[in-house]
file my_file21.tsv (TSV, C-alpha atoms)
chain	number	residue	atom	x	y	z
A	510	MET	CA	25.98	66.38	-17.08
A	511	SER	CA	25.67	65.64	-13.39
A	512	LYS	CA	22.28	64.84	-11.98
A	513	SER	CA	21.29	66.84	-8.95
A	514	ILE	CA	18.34	67.69	-6.75
A	515	GLU	CA	17.80	70.68	-4.49
A	516	PHE	CA	16.58	69.61	-1.07
A	517	TRP	CA	14.72	72.26	0.94
A	518	TYR	CA	14.23	71.54	4.61
A	519	ASP	CA	13.43	73.32	7.86
A	520	PHE	CA	14.75	72.03	11.19
A	521	GLY	CA	11.37	72.57	12.84
A	522	SER	CA	9.48	70.54	10.24
A	523	ASN	CA	8.69	66.99	11.28
A	524	TYR	CA	8.35	65.61	7.79
A	525	SER	CA	11.65	67.29	6.89
A	526	TYR	CA	13.21	65.12	9.60
A	527	LEU	CA	12.25	61.98	7.70
A	528	SER	CA	13.76	63.27	4.45
A	529	VAL	CA	16.96	64.55	6.08
A	530	MET	CA	17.55	61.03	7.40
A	531	ARG	CA	16.61	59.27	4.16
A	532	ILE	CA	17.79	61.33	1.20
A	533	GLY	CA	21.53	60.62	1.28
A	534	PRO	CA	21.56	56.86	0.66
A	535	LEU	CA	18.59	57.03	-1.72
A	536	ALA	CA	20.20	59.72	-3.87
A	537	ALA	CA	23.48	57.82	-3.92
A	538	GLN	CA	21.70	54.71	-5.16
A	539	LEU	CA	20.35	56.66	-8.12
A	540	GLY	CA	23.54	58.60	-8.78
A	541	VAL	CA	21.94	61.93	-7.89
A	542	GLN	CA	23.85	64.72	-6.14
A	543	VAL	CA	21.99	66.41	-3.28
A	544	VAL	CA	22.19	70.19	-3.00
A	545	TRP	CA	21.34	70.88	0.65
A	546	ARG	CA	19.11	73.93	0.98
A	547	PRO	CA	18.22	74.55	4.63
A	548	PHE	CA	15.72	77.40	4.94
A	549	LEU	CA	13.11	78.88	7.25
A	550	LEU	CA	9.47	78.07	6.66
A	551	GLY	CA	8.29	80.66	9.20
A	552	PRO	CA	8.56	83.71	6.92
A	553	ILE	CA	6.76	81.81	4.16
A	554	PHE	CA	3.93	80.78	6.47
A	555	GLN	CA	3.73	84.39	7.65
A	556	SER	CA	3.37	85.55	4.06
A	557	PHE	CA	0.24	83.34	3.93
A	558	GLY	CA	-1.06	85.11	7.02
A	559	TRP	CA	-0.27	82.16	9.31
A	560	GLU	CA	1.32	82.78	12.67
A	561	THR	CA	2.54	79.21	13.10
A	562	SER	CA	2.48	75.75	11.52
A	563	PRO	CA	-0.75	74.63	9.84
A	564	PHE	CA	-0.45	71.53	12.05
A	565	VAL	CA	-1.01	73.83	15.02
A	566	LEU	CA	-3.59	76.02	13.31
A	567	GLN	CA	-5.75	73.10	12.22
A	568	LYS	CA	-6.47	71.01	15.26
A	569	GLU	CA	-7.83	67.92	13.50
A	570	LYS	CA	-4.89	67.60	11.13
A	571	GLY	CA	-2.49	68.43	13.94
A	572	GLU	CA	-3.69	65.53	16.06
A	573	TYR	CA	-3.39	63.20	13.12
A	574	VAL	CA	0.12	64.31	12.18
A	575	TRP	CA	1.75	62.95	15.31
A	576	LYS	CA	0.11	59.58	14.92
A	577	ASP	CA	1.22	59.57	11.30
A	578	MET	CA	4.75	60.53	12.32
A	579	GLU	CA	4.94	57.60	14.75
A	580	ARG	CA	3.93	55.21	12.01
A	581	GLN	CA	6.16	56.77	9.38
A	582	ALA	CA	9.21	56.79	11.65
A	583	ALA	CA	8.63	53.12	12.43
A	584	LYS	CA	8.27	52.38	8.71
A	585	PHE	CA	11.62	54.00	7.99
A	586	SER	CA	13.25	52.53	11.10
A	587	LEU	CA	13.92	55.97	12.58
A	588	PRO	CA	13.71	56.94	16.25
A	589	PHE	CA	10.90	59.35	17.04
A	590	LYS	CA	9.50	61.14	20.06
A	591	ARG	CA	6.89	63.84	19.73
A	592	PRO	CA	8.55	67.17	20.59
A	593	THR	CA	7.01	68.95	23.57
A	594	VAL	CA	7.48	72.25	21.71
A	595	PHE	CA	6.31	72.53	18.11
A	596	PRO	CA	7.33	73.97	15.79
A	597	ARG	CA	10.80	74.77	17.08
A	598	THR	CA	12.73	77.62	15.49
A	599	ALA	CA	16.43	77.02	15.03
A	600	ILE	CA	17.90	80.08	13.36
A	601	LEU	CA	21.50	79.50	14.47
A	602	ALA	CA	21.42	75.85	13.43
A	603	THR	CA	19.94	76.87	10.08
A	604	ARG	CA	22.67	79.46	9.56
A	605	VAL	CA	25.30	76.83	10.35
A	606	ALA	CA	23.72	74.34	7.95
A	607	LEU	CA	23.61	76.97	5.22
A	608	LEU	CA	27.25	77.83	5.86
A	609	GLY	CA	28.10	74.15	5.52
A	610	ALA	CA	25.71	73.39	2.68
A	611	GLU	CA	28.54	72.52	0.30
A	612	GLN	CA	30.72	70.92	2.96
A	613	PRO	CA	30.83	67.19	3.60
A	614	TRP	CA	29.58	67.70	7.17
A	615	CYS	CA	26.26	69.31	6.25
A	616	GLU	CA	24.37	66.01	6.09
A	617	ALA	CA	25.67	64.73	9.44
A	618	PHE	CA	25.09	68.11	11.09
A	619	SER	CA	21.54	68.32	9.75
A	620	GLN	CA	20.76	64.77	10.81
A	621	ARG	CA	22.00	65.39	14.33
A	622	ILE	CA	20.00	68.60	14.74
A	623	MET	CA	16.91	66.82	13.47
A	624	GLN	CA	17.40	63.92	15.85
A	625	ARG	CA	17.82	66.27	18.80
A	626	ASN	CA	14.43	67.77	17.91
A	627	PHE	CA	12.43	64.73	16.85
A	628	ALA	CA	14.03	61.85	18.74
A	629	ASP	CA	15.48	63.51	21.87
A	630	ASP	CA	12.99	66.39	22.34
A	631	ARG	CA	15.77	68.91	22.87
A	632	GLU	CA	15.62	72.68	22.30
A	633	ILE	CA	17.45	73.04	19.00
A	634	GLY	CA	17.21	76.81	19.19
A	635	ASP	CA	19.88	76.80	21.94
A	636	ALA	CA	23.39	77.86	21.01
A	637	ASP	CA	24.81	75.30	23.47
A	638	LEU	CA	23.14	72.48	21.63
A	639	VAL	CA	24.48	73.66	18.28
A	640	THR	CA	27.96	73.97	19.81
A	641	THR	CA	27.81	70.41	21.14
A	642	VAL	CA	26.80	69.03	17.78
A	643	LEU	CA	29.63	70.88	16.05
A	644	GLU	CA	32.05	69.51	18.61
A	645	GLU	CA	30.77	65.98	18.03
A	646	LEU	CA	31.58	66.45	14.37
A	647	GLY	CA	35.11	67.57	15.20
A	648	LEU	CA	34.69	71.01	13.65
A	649	ALA	CA	36.43	74.26	14.63
A	650	VAL	CA	33.49	75.53	16.64
A	651	PRO	CA	34.43	79.21	17.16
A	652	ASP	CA	35.26	79.66	13.49
A	653	VAL	CA	32.08	78.01	12.31
A	654	LEU	CA	29.88	79.96	14.72
A	655	ALA	CA	31.52	83.26	13.81
A	656	ALA	CA	31.08	82.63	10.09
A	657	ALA	CA	27.53	81.41	10.58
A	658	GLN	CA	26.62	84.63	12.37
A	659	SER	CA	28.43	86.95	9.98
A	660	GLU	CA	26.36	89.56	8.17
A	661	ALA	CA	27.15	87.84	4.88
A	662	ASN	CA	25.73	84.53	6.08
A	663	LYS	CA	22.68	86.15	7.66
A	664	LEU	CA	21.99	87.81	4.32
A	665	ALA	CA	22.56	84.50	2.57
A	666	LEU	CA	19.82	82.91	4.69
A	667	ARG	CA	17.41	85.72	3.88
A	668	ASN	CA	18.22	85.19	0.21
A	669	GLN	CA	17.68	81.47	0.62
A	670	VAL	CA	14.17	82.07	1.96
A	671	GLU	CA	13.47	84.48	-0.91
A	672	GLN	CA	14.58	81.85	-3.41
A	673	ALA	CA	12.30	79.30	-1.76
A	674	ARG	CA	9.41	81.70	-2.08
A	675	ALA	CA	10.30	82.48	-5.71
A	676	LYS	CA	10.22	78.77	-6.52
A	677	GLY	CA	6.68	78.55	-5.16
A	678	LEU	CA	7.55	76.55	-2.05
A	679	PHE	CA	4.74	76.42	0.50
A	680	GLY	CA	5.92	73.66	2.80
A	681	ALA	CA	8.82	71.42	3.75
A	682	PRO	CA	10.44	69.21	2.84
A	683	SER	CA	10.40	70.22	-0.80
A	684	PHE	CA	12.56	69.04	-3.66
A	685	THR	CA	13.28	70.98	-6.82
A	686	VAL	CA	14.87	69.88	-10.06
A	687	GLY	CA	15.03	72.93	-12.30
A	688	SER	CA	11.55	74.42	-12.19
A	689	GLU	CA	9.96	71.11	-11.16
A	690	LEU	CA	8.68	71.12	-7.58
A	691	PHE	CA	7.94	68.09	-5.41
A	692	TRP	CA	6.47	68.56	-1.94
A	693	GLY	CA	6.67	66.27	1.05
A	694	ASN	CA	8.64	63.28	2.25
A	695	ASP	CA	6.06	61.19	0.41
A	696	ARG	CA	7.45	62.52	-2.88
A	697	LEU	CA	11.14	61.97	-2.11
A	698	GLU	CA	11.45	58.86	-4.25
A	699	ASP	CA	9.50	60.39	-7.14
A	700	ALA	CA	11.67	63.50	-7.05
A	701	LEU	CA	14.84	61.42	-7.06
A	702	TYR	CA	13.68	59.32	-9.98
A	703	TYR	CA	12.88	62.53	-11.83
A	704	ALA	CA	16.31	63.99	-11.04
A	705	ALA	CA	17.94	60.76	-12.21
A	706	GLY	CA	16.11	61.02	-15.51
A	707	GLN	CA	14.23	57.82	-14.78
A	708	THR	CA	10.52	57.29	-14.83
A	709	ALA	CA	9.22	56.32	-11.42
A	710	PRO	CA	8.07	52.73	-11.69
A	711	SER	CA	4.39	52.39	-12.40
A	712	ILE	CA	2.77	50.96	-9.30
A	713	THR	CA	-0.35	48.92	-9.83
A	714	THR	CA	-0.16	46.34	-7.07
A	715	VAL	CA	0.86	46.15	-3.43
A	716	ALA	CA	3.57	43.61	-3.98
A	717	PRO	CA	6.12	45.88	-5.72
A	718	LEU	CA	6.20	48.09	-2.64
A	719	MET	CA	7.99	45.29	-0.79
B	1263	MET	CA	-12.21	37.16	11.80
B	1264	SER	CA	-12.42	38.95	8.46
B	1265	LYS	CA	-10.01	41.78	7.79
B	1266	SER	CA	-11.63	44.96	6.58
B	1267	ILE	CA	-10.94	48.61	5.97
B	1268	GLU	CA	-13.34	51.52	5.78
B	1269	PHE	CA	-12.67	53.69	2.75
B	1270	TRP	CA	-13.93	57.27	2.95
B	1271	TYR	CA	-14.03	59.20	-0.32
B	1272	ASP	CA	-15.64	62.26	-1.86
B	1273	PHE	CA	-16.40	62.42	-5.59
B	1274	GLY	CA	-15.06	65.97	-5.78
B	1275	SER	CA	-11.70	65.08	-4.21
B	1276	ASN	CA	-8.89	64.56	-6.71
B	1277	TYR	CA	-6.78	62.37	-4.46
B	1278	SER	CA	-9.88	60.29	-3.70
B	1279	TYR	CA	-9.99	59.57	-7.44
B	1280	LEU	CA	-6.61	57.86	-7.24
B	1281	SER	CA	-7.67	55.67	-4.31
B	1282	VAL	CA	-11.05	54.77	-5.80
B	1283	MET	CA	-9.21	53.40	-8.83
B	1284	ARG	CA	-6.51	51.62	-6.84
B	1285	ILE	CA	-8.00	50.19	-3.66
B	1286	GLY	CA	-9.89	47.19	-5.05
B	1287	PRO	CA	-7.02	45.15	-6.50
B	1288	LEU	CA	-4.63	46.15	-3.69
B	1289	ALA	CA	-7.06	45.10	-0.96
B	1290	ALA	CA	-7.77	41.82	-2.75
B	1291	GLN	CA	-4.05	41.05	-2.85
B	1292	LEU	CA	-3.84	41.41	0.92
B	1293	GLY	CA	-7.14	39.63	1.63
B	1294	VAL	CA	-8.76	42.78	3.03
B	1295	GLN	CA	-12.44	43.56	2.54
B	1296	VAL	CA	-13.21	47.16	1.53
B	1297	VAL	CA	-16.16	48.89	3.20
B	1298	TRP	CA	-17.07	51.69	0.78
B	1299	ARG	CA	-17.96	54.87	2.65
B	1300	PRO	CA	-18.77	57.68	0.20
B	1301	PHE	CA	-19.32	60.95	2.03
B	1302	LEU	CA	-19.32	64.71	1.58
B	1303	LEU	CA	-16.27	66.67	2.58
B	1304	GLY	CA	-18.04	70.03	2.14
B	1305	PRO	CA	-19.84	70.04	5.51
B	1306	ILE	CA	-16.60	69.06	7.25
B	1307	PHE	CA	-14.64	71.85	5.56
B	1308	GLN	CA	-17.45	74.24	6.49
B	1309	SER	CA	-17.14	73.18	10.13
B	1310	PHE	CA	-13.51	74.38	9.91
B	1311	GLY	CA	-14.75	77.72	8.61
B	1312	TRP	CA	-13.70	76.98	5.02
B	1313	GLU	CA	-16.04	77.85	2.17
B	1314	THR	CA	-14.33	75.55	-0.31
B	1315	SER	CA	-11.37	73.18	-0.79
B	1316	PRO	CA	-8.06	74.16	0.83
B	1317	PHE	CA	-6.57	73.67	-2.65
B	1318	VAL	CA	-8.65	76.65	-3.76
B	1319	LEU	CA	-8.16	78.65	-0.55
B	1320	GLN	CA	-4.37	78.30	-0.61
B	1321	LYS	CA	-3.18	79.45	-4.00
B	1322	GLU	CA	0.38	78.14	-3.79
B	1323	LYS	CA	-0.64	74.64	-2.76
B	1324	GLY	CA	-3.50	74.71	-5.25
B	1325	GLU	CA	-1.17	75.37	-8.17
B	1326	TYR	CA	1.08	72.55	-7.05
B	1327	VAL	CA	-1.72	70.03	-6.60
B	1328	TRP	CA	-2.57	69.84	-10.29
B	1329	LYS	CA	1.03	69.28	-11.28
B	1330	ASP	CA	1.26	66.61	-8.60
B	1331	MET	CA	-1.95	65.00	-9.85
B	1332	GLU	CA	-0.57	64.78	-13.40
B	1333	ARG	CA	2.53	63.02	-12.11
B	1334	GLN	CA	0.64	60.75	-9.73
B	1335	ALA	CA	-1.90	59.72	-12.37
B	1336	ALA	CA	0.95	58.86	-14.73
B	1337	LYS	CA	2.65	56.89	-11.98
B	1338	PHE	CA	-0.48	54.82	-11.42
B	1339	SER	CA	-1.25	54.57	-15.14
B	1340	LEU	CA	-4.55	56.40	-14.74
B	1341	PRO	CA	-6.07	58.87	-17.21
B	1342	PHE	CA	-6.22	62.42	-15.90
B	1343	LYS	CA	-7.41	65.81	-17.09
B	1344	ARG	CA	-7.62	68.79	-14.77
B	1345	PRO	CA	-11.31	69.52	-14.20
B	1346	THR	CA	-12.39	72.99	-15.32
B	1347	VAL	CA	-14.62	73.19	-12.22
B	1348	PHE	CA	-13.15	72.32	-8.83
B	1349	PRO	CA	-14.24	71.04	-6.45
B	1350	ARG	CA	-17.38	69.57	-8.00
B	1351	THR	CA	-20.25	68.62	-5.71
B	1352	ALA	CA	-22.10	65.43	-6.60
B	1353	ILE	CA	-24.81	64.93	-4.04
B	1354	LEU	CA	-26.97	62.61	-6.16
B	1355	ALA	CA	-24.01	60.46	-7.16
B	1356	THR	CA	-22.94	60.28	-3.52
B	1357	ARG	CA	-26.42	59.22	-2.46
B	1358	VAL	CA	-26.39	56.52	-5.14
B	1359	ALA	CA	-22.97	55.29	-4.04
B	1360	LEU	CA	-24.10	55.17	-0.43
B	1361	LEU	CA	-27.22	53.25	-1.43
B	1362	GLY	CA	-25.03	50.76	-3.26
B	1363	ALA	CA	-22.20	50.71	-0.72
B	1364	GLU	CA	-22.78	47.03	0.06
B	1365	GLN	CA	-23.68	46.10	-3.50
B	1366	PRO	CA	-21.19	44.63	-5.95
B	1367	TRP	CA	-21.69	47.60	-8.31
B	1368	CYS	CA	-20.49	50.28	-5.88
B	1369	GLU	CA	-16.87	50.07	-6.96
B	1370	ALA	CA	-17.61	50.25	-10.69
B	1371	PHE	CA	-20.13	53.07	-10.15
B	1372	SER	CA	-17.67	55.05	-8.05
B	1373	GLN	CA	-14.85	54.55	-10.54
B	1374	ARG	CA	-17.01	55.73	-13.42
B	1375	ILE	CA	-18.17	58.85	-11.60
B	1376	MET	CA	-14.58	59.64	-10.67
B	1377	GLN	CA	-13.38	59.18	-14.24
B	1378	ARG	CA	-16.13	61.46	-15.56
B	1379	ASN	CA	-14.83	64.15	-13.20
B	1380	PHE	CA	-11.07	63.67	-13.38
B	1381	ALA	CA	-10.49	62.15	-16.80
B	1382	ASP	CA	-13.40	63.48	-18.88
B	1383	ASP	CA	-14.03	66.84	-17.16
B	1384	ARG	CA	-17.78	66.26	-16.99
B	1385	GLU	CA	-20.28	67.80	-14.57
B	1386	ILE	CA	-20.84	64.92	-12.16
B	1387	GLY	CA	-23.50	66.91	-10.31
B	1388	ASP	CA	-25.90	66.38	-13.24
B	1389	ALA	CA	-28.68	63.83	-12.83
B	1390	ASP	CA	-28.35	62.91	-16.53
B	1391	LEU	CA	-24.75	61.88	-16.05
B	1392	VAL	CA	-25.62	59.73	-13.04
B	1393	THR	CA	-28.45	58.14	-15.02
B	1394	THR	CA	-26.12	57.30	-17.90
B	1395	VAL	CA	-23.59	55.68	-15.60
B	1396	LEU	CA	-26.30	53.58	-13.93
B	1397	GLU	CA	-27.53	52.50	-17.38
B	1398	GLU	CA	-23.99	51.53	-18.39
B	1399	LEU	CA	-23.91	49.27	-15.35
B	1400	GLY	CA	-27.19	47.64	-16.36
B	1401	LEU	CA	-29.03	48.73	-13.22
B	1402	ALA	CA	-32.74	49.46	-12.79
B	1403	VAL	CA	-32.30	53.21	-13.05
B	1404	PRO	CA	-35.71	54.47	-11.82
B	1405	ASP	CA	-35.64	52.17	-8.79
B	1406	VAL	CA	-32.09	53.14	-7.85
B	1407	LEU	CA	-32.72	56.86	-8.27
B	1408	ALA	CA	-35.94	56.72	-6.25
B	1409	ALA	CA	-34.26	54.84	-3.42
B	1410	ALA	CA	-31.22	57.12	-3.54
B	1411	GLN	CA	-33.44	60.17	-3.13
B	1412	SER	CA	-35.66	58.68	-0.43
B	1413	GLU	CA	-35.78	60.43	2.92
B	1414	ALA	CA	-34.19	57.39	4.53
B	1415	ASN	CA	-31.18	57.53	2.22
B	1416	LYS	CA	-30.83	61.30	2.52
B	1417	LEU	CA	-30.73	60.84	6.28
B	1418	ALA	CA	-28.24	58.01	5.88
B	1419	LEU	CA	-25.87	60.37	4.04
B	1420	ARG	CA	-26.18	62.98	6.75
B	1421	ASN	CA	-25.37	60.26	9.28
B	1422	GLN	CA	-22.42	59.16	7.16
B	1423	VAL	CA	-20.97	62.68	7.29
B	1424	GLU	CA	-21.53	62.80	11.04
B	1425	GLN	CA	-19.69	59.52	11.45
B	1426	ALA	CA	-16.81	60.85	9.38
B	1427	ARG	CA	-16.62	63.89	11.63
B	1428	ALA	CA	-16.82	61.72	14.76
B	1429	LYS	CA	-13.86	59.69	13.53
B	1430	GLY	CA	-11.80	62.86	13.22
B	1431	LEU	CA	-11.70	62.90	9.42
B	1432	PHE	CA	-10.46	66.20	8.01
B	1433	GLY	CA	-9.81	65.27	4.38
B	1434	ALA	CA	-10.27	62.62	1.72
B	1435	PRO	CA	-9.46	59.97	0.91
B	1436	SER	CA	-9.24	58.58	4.42
B	1437	PHE	CA	-9.01	55.01	5.62
B	1438	THR	CA	-10.08	53.75	9.01
B	1439	VAL	CA	-9.47	50.43	10.70
B	1440	GLY	CA	-11.23	50.56	14.05
B	1441	SER	CA	-10.10	53.82	15.61
B	1442	GLU	CA	-6.95	53.99	13.49
B	1443	LEU	CA	-7.06	56.77	10.88
B	1444	PHE	CA	-4.93	57.03	7.75
B	1445	TRP	CA	-5.23	60.09	5.51
B	1446	GLY	CA	-4.47	60.44	1.84
B	1447	ASN	CA	-3.86	58.26	-1.17
B	1448	ASP	CA	-0.20	58.25	-0.08
B	1449	ARG	CA	-1.22	56.14	2.92
B	1450	LEU	CA	-3.38	53.61	1.07
B	1451	GLU	CA	-0.76	50.87	1.15
B	1452	ASP	CA	0.12	51.50	4.81
B	1453	ALA	CA	-3.56	51.38	5.76
B	1454	LEU	CA	-4.07	48.12	3.89
B	1455	TYR	CA	-1.05	46.51	5.52
B	1456	TYR	CA	-2.40	47.61	8.90
B	1457	ALA	CA	-5.85	46.18	8.11
B	1458	ALA	CA	-4.24	42.93	6.99
B	1459	GLY	CA	-2.41	42.68	10.31
B	1460	GLN	CA	0.92	42.95	8.56
B	1461	THR	CA	3.70	45.39	9.27
B	1462	ALA	CA	4.34	47.65	6.32
B	1463	PRO	CA	7.75	46.69	4.98
B	1464	SER	CA	10.56	48.85	6.32
B	1465	ILE	CA	11.80	50.98	3.47
B	1466	THR	CA	15.41	52.04	3.64
B	1467	THR	CA	16.44	52.18	0.01
B	1468	VAL	CA	14.97	53.21	-3.32
B	1469	ALA	CA	15.25	49.78	-4.86
B	1470	PRO	CA	12.47	48.07	-2.88
B	1471	LEU	CA	10.00	50.55	-4.32
B	1472	MET	CA	10.43	48.92	-7.71
call {"tool": "encode", "arguments": {"input": "my_file21.tsv", "output": "structure tokens"}}
result
Amino acid sequence: MSKSIEFWYDFGSNYSYLSVMRIGPLAAQLGVQVVWRPFLLGPIFQSFGWETSPFVLQKEKGEYVWKDMERQAAKFSLPFKRPTVFPRTAILATRVALLGAEQPWCEAFSQRIMQRNFADDREIGDADLVTTVLEELGLAVPDVLAAAQSEANKLALRNQVEQARAKGLFGAPSFTVGSELFWGNDRLEDALYYAAGQTAPSITTVAPLM
Amino acid sequence: MSKSIEFWYDFGSNYSYLSVMRIGPLAAQLGVQVVWRPFLLGPIFQSFGWETSPFVLQKEKGEYVWKDMERQAAKFSLPFKRPTVFPRTAILATRVALLGAEQPWCEAFSQRIMQRNFADDREIGDADLVTTVLEELGLAVPDVLAAAQSEANKLALRNQVEQARAKGLFGAPSFTVGSELFWGNDRLEDALYYAAGQTAPSITTVAPLM
């Protein structure tokens, strides 16, 4: 039986950026297959009565988050620049990622969109930006864009969001293994160990974190 | 110059429980002195317009938190039982901890109060429970309780909460090193490395977490 993990991420979510960059090699190390599940957090936040990200709604936490992101990005050796617009909505990019979720290019596409947002401070909601990324990946751009914007794929994204809600997701990134839910980039390793059928190592000292 | 970290915790906070149990040995390993700063999160939440913990206010996250706590406690080899009352308020215990913050018994006292709440499901707001814990530690109970409930110490706790607010704290546990703020048990190691003047090791694979 193959070991797999469902990886739920939103292109506007800063902590999703960290996981999009990290999950591939980590999962490979543990022999876990990643099922890429791009979705939109906006409708879920709206169902809680929130108009935007809790990082915007709660000023104190919001100020902290960007400091934390700087430190976390440095820790994981990832480029980071605080986006001047937050949270960005990237419906076209999300539709493309969903279309490609089972294709080998999904990871590279998702990483590039994330880097445009969180390292280059670019507007990832723009169709031109999505087009450029697809070109960089050597894909048949008109075909991909047409399929991404087909009624079937739009419906698929709505279904994706409904499935996220049904699984009890309330933030991103999230990881699911069957009915088991893990929330946040901070739980990526734990979720992967769980998916691999291994117990996460018991941590009782600083040293093992090295 | 001695290396130190200020450790802000609330006896009702489940993630503070994890840090109260973990911080001592970890800090010792890195040669960092822990400044114990028990405080009350309630007044800070109230200043945000919240009547209780966000884990109670947000149902979806609240349901997740207890599952996460089970897994985290297992990961750190700590006993855990979901408290039947949450969040518990423990003003007397907090006053005692503040009184003893610079005494060698503060850590053991804080750990025992936390375990009564999060491993034994006991009402840590009760004076009898606090008395029993002080007796277990061999302390002069009447003297400690009288000093804890003195006007000076009550004022000291109000000042403690004000200092927490002034530092931008919005949750617990939190760790501060000068003006640098780290939030959550998930950042304990990072905060300690920072306090020790060391760069947290760059993590790029699962294996180093072992």
call {"tool": "residues_around", "arguments": {"input": "my_file21.tsv", "residues": "range 1276-1278 of chain B", "least_positions_apart": "4", "cutoff": "8 Å", "atoms": "only C-alpha atoms", "output": "list of chain:residue names"}}
result
B:Tyr1271, B:Asp1272, B:Val1282, B:Met1331, B:Phe1380, B:Ala1434, B:Pro1435, B:Gly1446, B:Asn1447
call {"tool": "interface_residues", "arguments": {"input": "my_file21.tsv", "of": "chain B", "to": "chain A", "cutoff": "10 Å", "atoms": "only C-alpha atoms", "output": "JSON, numbers by chain"}}
result
{"B": [1283, 1284, 1285, 1286, 1287, 1288, 1289, 1290, 1291, 1292, 1310, 1320, 1321, 1322, 1323, 1325, 1326, 1327, 1329, 1330, 1333, 1334, 1335, 1336, 1337, 1338, 1339, 1340, 1427, 1430, 1431, 1432, 1433, 1442, 1443, 1444, 1445, 1448, 1449, 1450, 1451, 1452, 1454, 1455, 1461, 1462, 1463, 1464, 1465, 1466, 1467, 1468, 1469, 1470, 1471, 1472]}
call {"tool": "write_last_selection", "arguments": {"input": "my_file21.tsv", "atoms": "C-alpha atoms", "output": "compact mmCIF listing (two decimals), keeping the file's coordinate frame"}}
result
# COMPACT_ATOMS: atom_id res chain seq x y z
CA MET B 1283 -9.21 53.40 -8.83
CA ARG B 1284 -6.51 51.62 -6.84
CA ILE B 1285 -8.00 50.19 -3.66
CA GLY B 1286 -9.89 47.19 -5.05
CA PRO B 1287 -7.02 45.15 -6.50
CA LEU B 1288 -4.63 46.15 -3.69
CA ALA B 1289 -7.06 45.10 -0.96
CA ALA B 1290 -7.77 41.82 -2.75
CA GLN B 1291 -4.05 41.05 -2.85
CA LEU B 1292 -3.84 41.41 0.92
CA PHE B 1310 -13.51 74.38 9.91
CA GLN B 1320 -4.37 78.30 -0.61
CA LYS B 1321 -3.18 79.45 -4.00
CA GLU B 1322 0.38 78.14 -3.79
CA LYS B 1323 -0.64 74.64 -2.76
CA GLU B 1325 -1.17 75.37 -8.17
CA TYR B 1326 1.08 72.55 -7.05
CA VAL B 1327 -1.72 70.03 -6.60
CA LYS B 1329 1.03 69.28 -11.28
CA ASP B 1330 1.26 66.61 -8.60
CA ARG B 1333 2.53 63.02 -12.11
CA GLN B 1334 0.64 60.75 -9.73
CA ALA B 1335 -1.90 59.72 -12.37
CA ALA B 1336 0.95 58.86 -14.73
CA LYS B 1337 2.65 56.89 -11.98
CA PHE B 1338 -0.48 54.82 -11.42
CA SER B 1339 -1.25 54.57 -15.14
CA LEU B 1340 -4.55 56.40 -14.74
CA ARG B 1427 -16.62 63.89 11.63
CA GLY B 1430 -11.80 62.86 13.22
CA LEU B 1431 -11.70 62.90 9.42
CA PHE B 1432 -10.46 66.20 8.01
CA GLY B 1433 -9.81 65.27 4.38
CA GLU B 1442 -6.95 53.99 13.49
CA LEU B 1443 -7.06 56.77 10.88
CA PHE B 1444 -4.93 57.03 7.75
CA TRP B 1445 -5.23 60.09 5.51
CA ASP B 1448 -0.20 58.25 -0.08
CA ARG B 1449 -1.22 56.14 2.92
CA LEU B 1450 -3.38 53.61 1.07
CA GLU B 1451 -0.76 50.87 1.15
CA ASP B 1452 0.12 51.50 4.81
CA LEU B 1454 -4.07 48.12 3.89
CA TYR B 1455 -1.05 46.51 5.52
CA THR B 1461 3.70 45.39 9.27
CA ALA B 1462 4.34 47.65 6.32
CA PRO B 1463 7.75 46.69 4.98
CA SER B 1464 10.56 48.85 6.32
CA ILE B 1465 11.80 50.98 3.47
CA THR B 1466 15.41 52.04 3.64
CA THR B 1467 16.44 52.18 0.01
CA VAL B 1468 14.97 53.21 -3.32
CA ALA B 1469 15.25 49.78 -4.86
CA PRO B 1470 12.47 48.07 -2.88
CA LEU B 1471 10.00 50.55 -4.32
CA MET B 1472 10.43 48.92 -7.71
call {"tool": "atom_distance", "arguments": {"input": "my_file21.tsv", "atom1": "CA of Arg667 in chain A", "atom2": "CA of Trp1328 in chain B"}}
result
29.2 Å
call {"tool": "atom_distance", "arguments": {"input": "my_file21.tsv", "atom1": "CA of Gly1362 in chain B", "atom2": "CA of Leu1417 in chain B"}}
result
15.0 Å
call {"tool": "closest_residue", "arguments": {"input": "my_file21.tsv", "among": "B:Arg1350, B:Gln1411, B:Gly1311, B:Ala1389", "to": "Met1376 in chain B", "atoms": "all atoms listed in the file"}}
result
B:Arg1350
call {"tool": "closest_residue", "arguments": {"input": "my_file21.tsv", "among": "A:Val670, A:Ile622, A:Val639, A:Leu648", "to": "Tyr526 in chain A", "atoms": "all atoms listed in the file"}}
result
A:Ile622
call {"tool": "atom_distance", "arguments": {"input": "my_file21.tsv", "atom1": "CA of Leu1280 in chain B", "atom2": "CA of Gln1373 in chain B"}}
result
9.5 Å
call {"tool": "residues_around", "arguments": {"input": "my_file21.tsv", "residues": "Ile1353 in chain B", "least_positions_apart": "4", "cutoff": "10 Å", "atoms": "all atoms listed in the file", "output": "list in words"}}
result
Asp1272, Phe1273, Gly1274, Phe1301, Leu1302, Arg1357, Val1358, Ala1359, Ile1386, Gly1387, Asp1388, Ala1389, Gln1411, Lys1416 and Leu1419 of chain B
call {"tool": "closest_residue", "arguments": {"input": "my_file21.tsv", "among": "B:Lys1429, B:Arg1299, B:Arg1384, B:Lys1265", "to": "Thr1351 in chain B", "atoms": "all atoms listed in the file"}}
result
B:Arg1384
call {"tool": "closest_residue", "arguments": {"input": "my_file21.tsv", "among": "A:Glu515, A:Tyr703, A:Ala602, A:Pro592", "to": "Leu654 in chain A", "atoms": "all atoms listed in the file"}}
result
A:Ala602
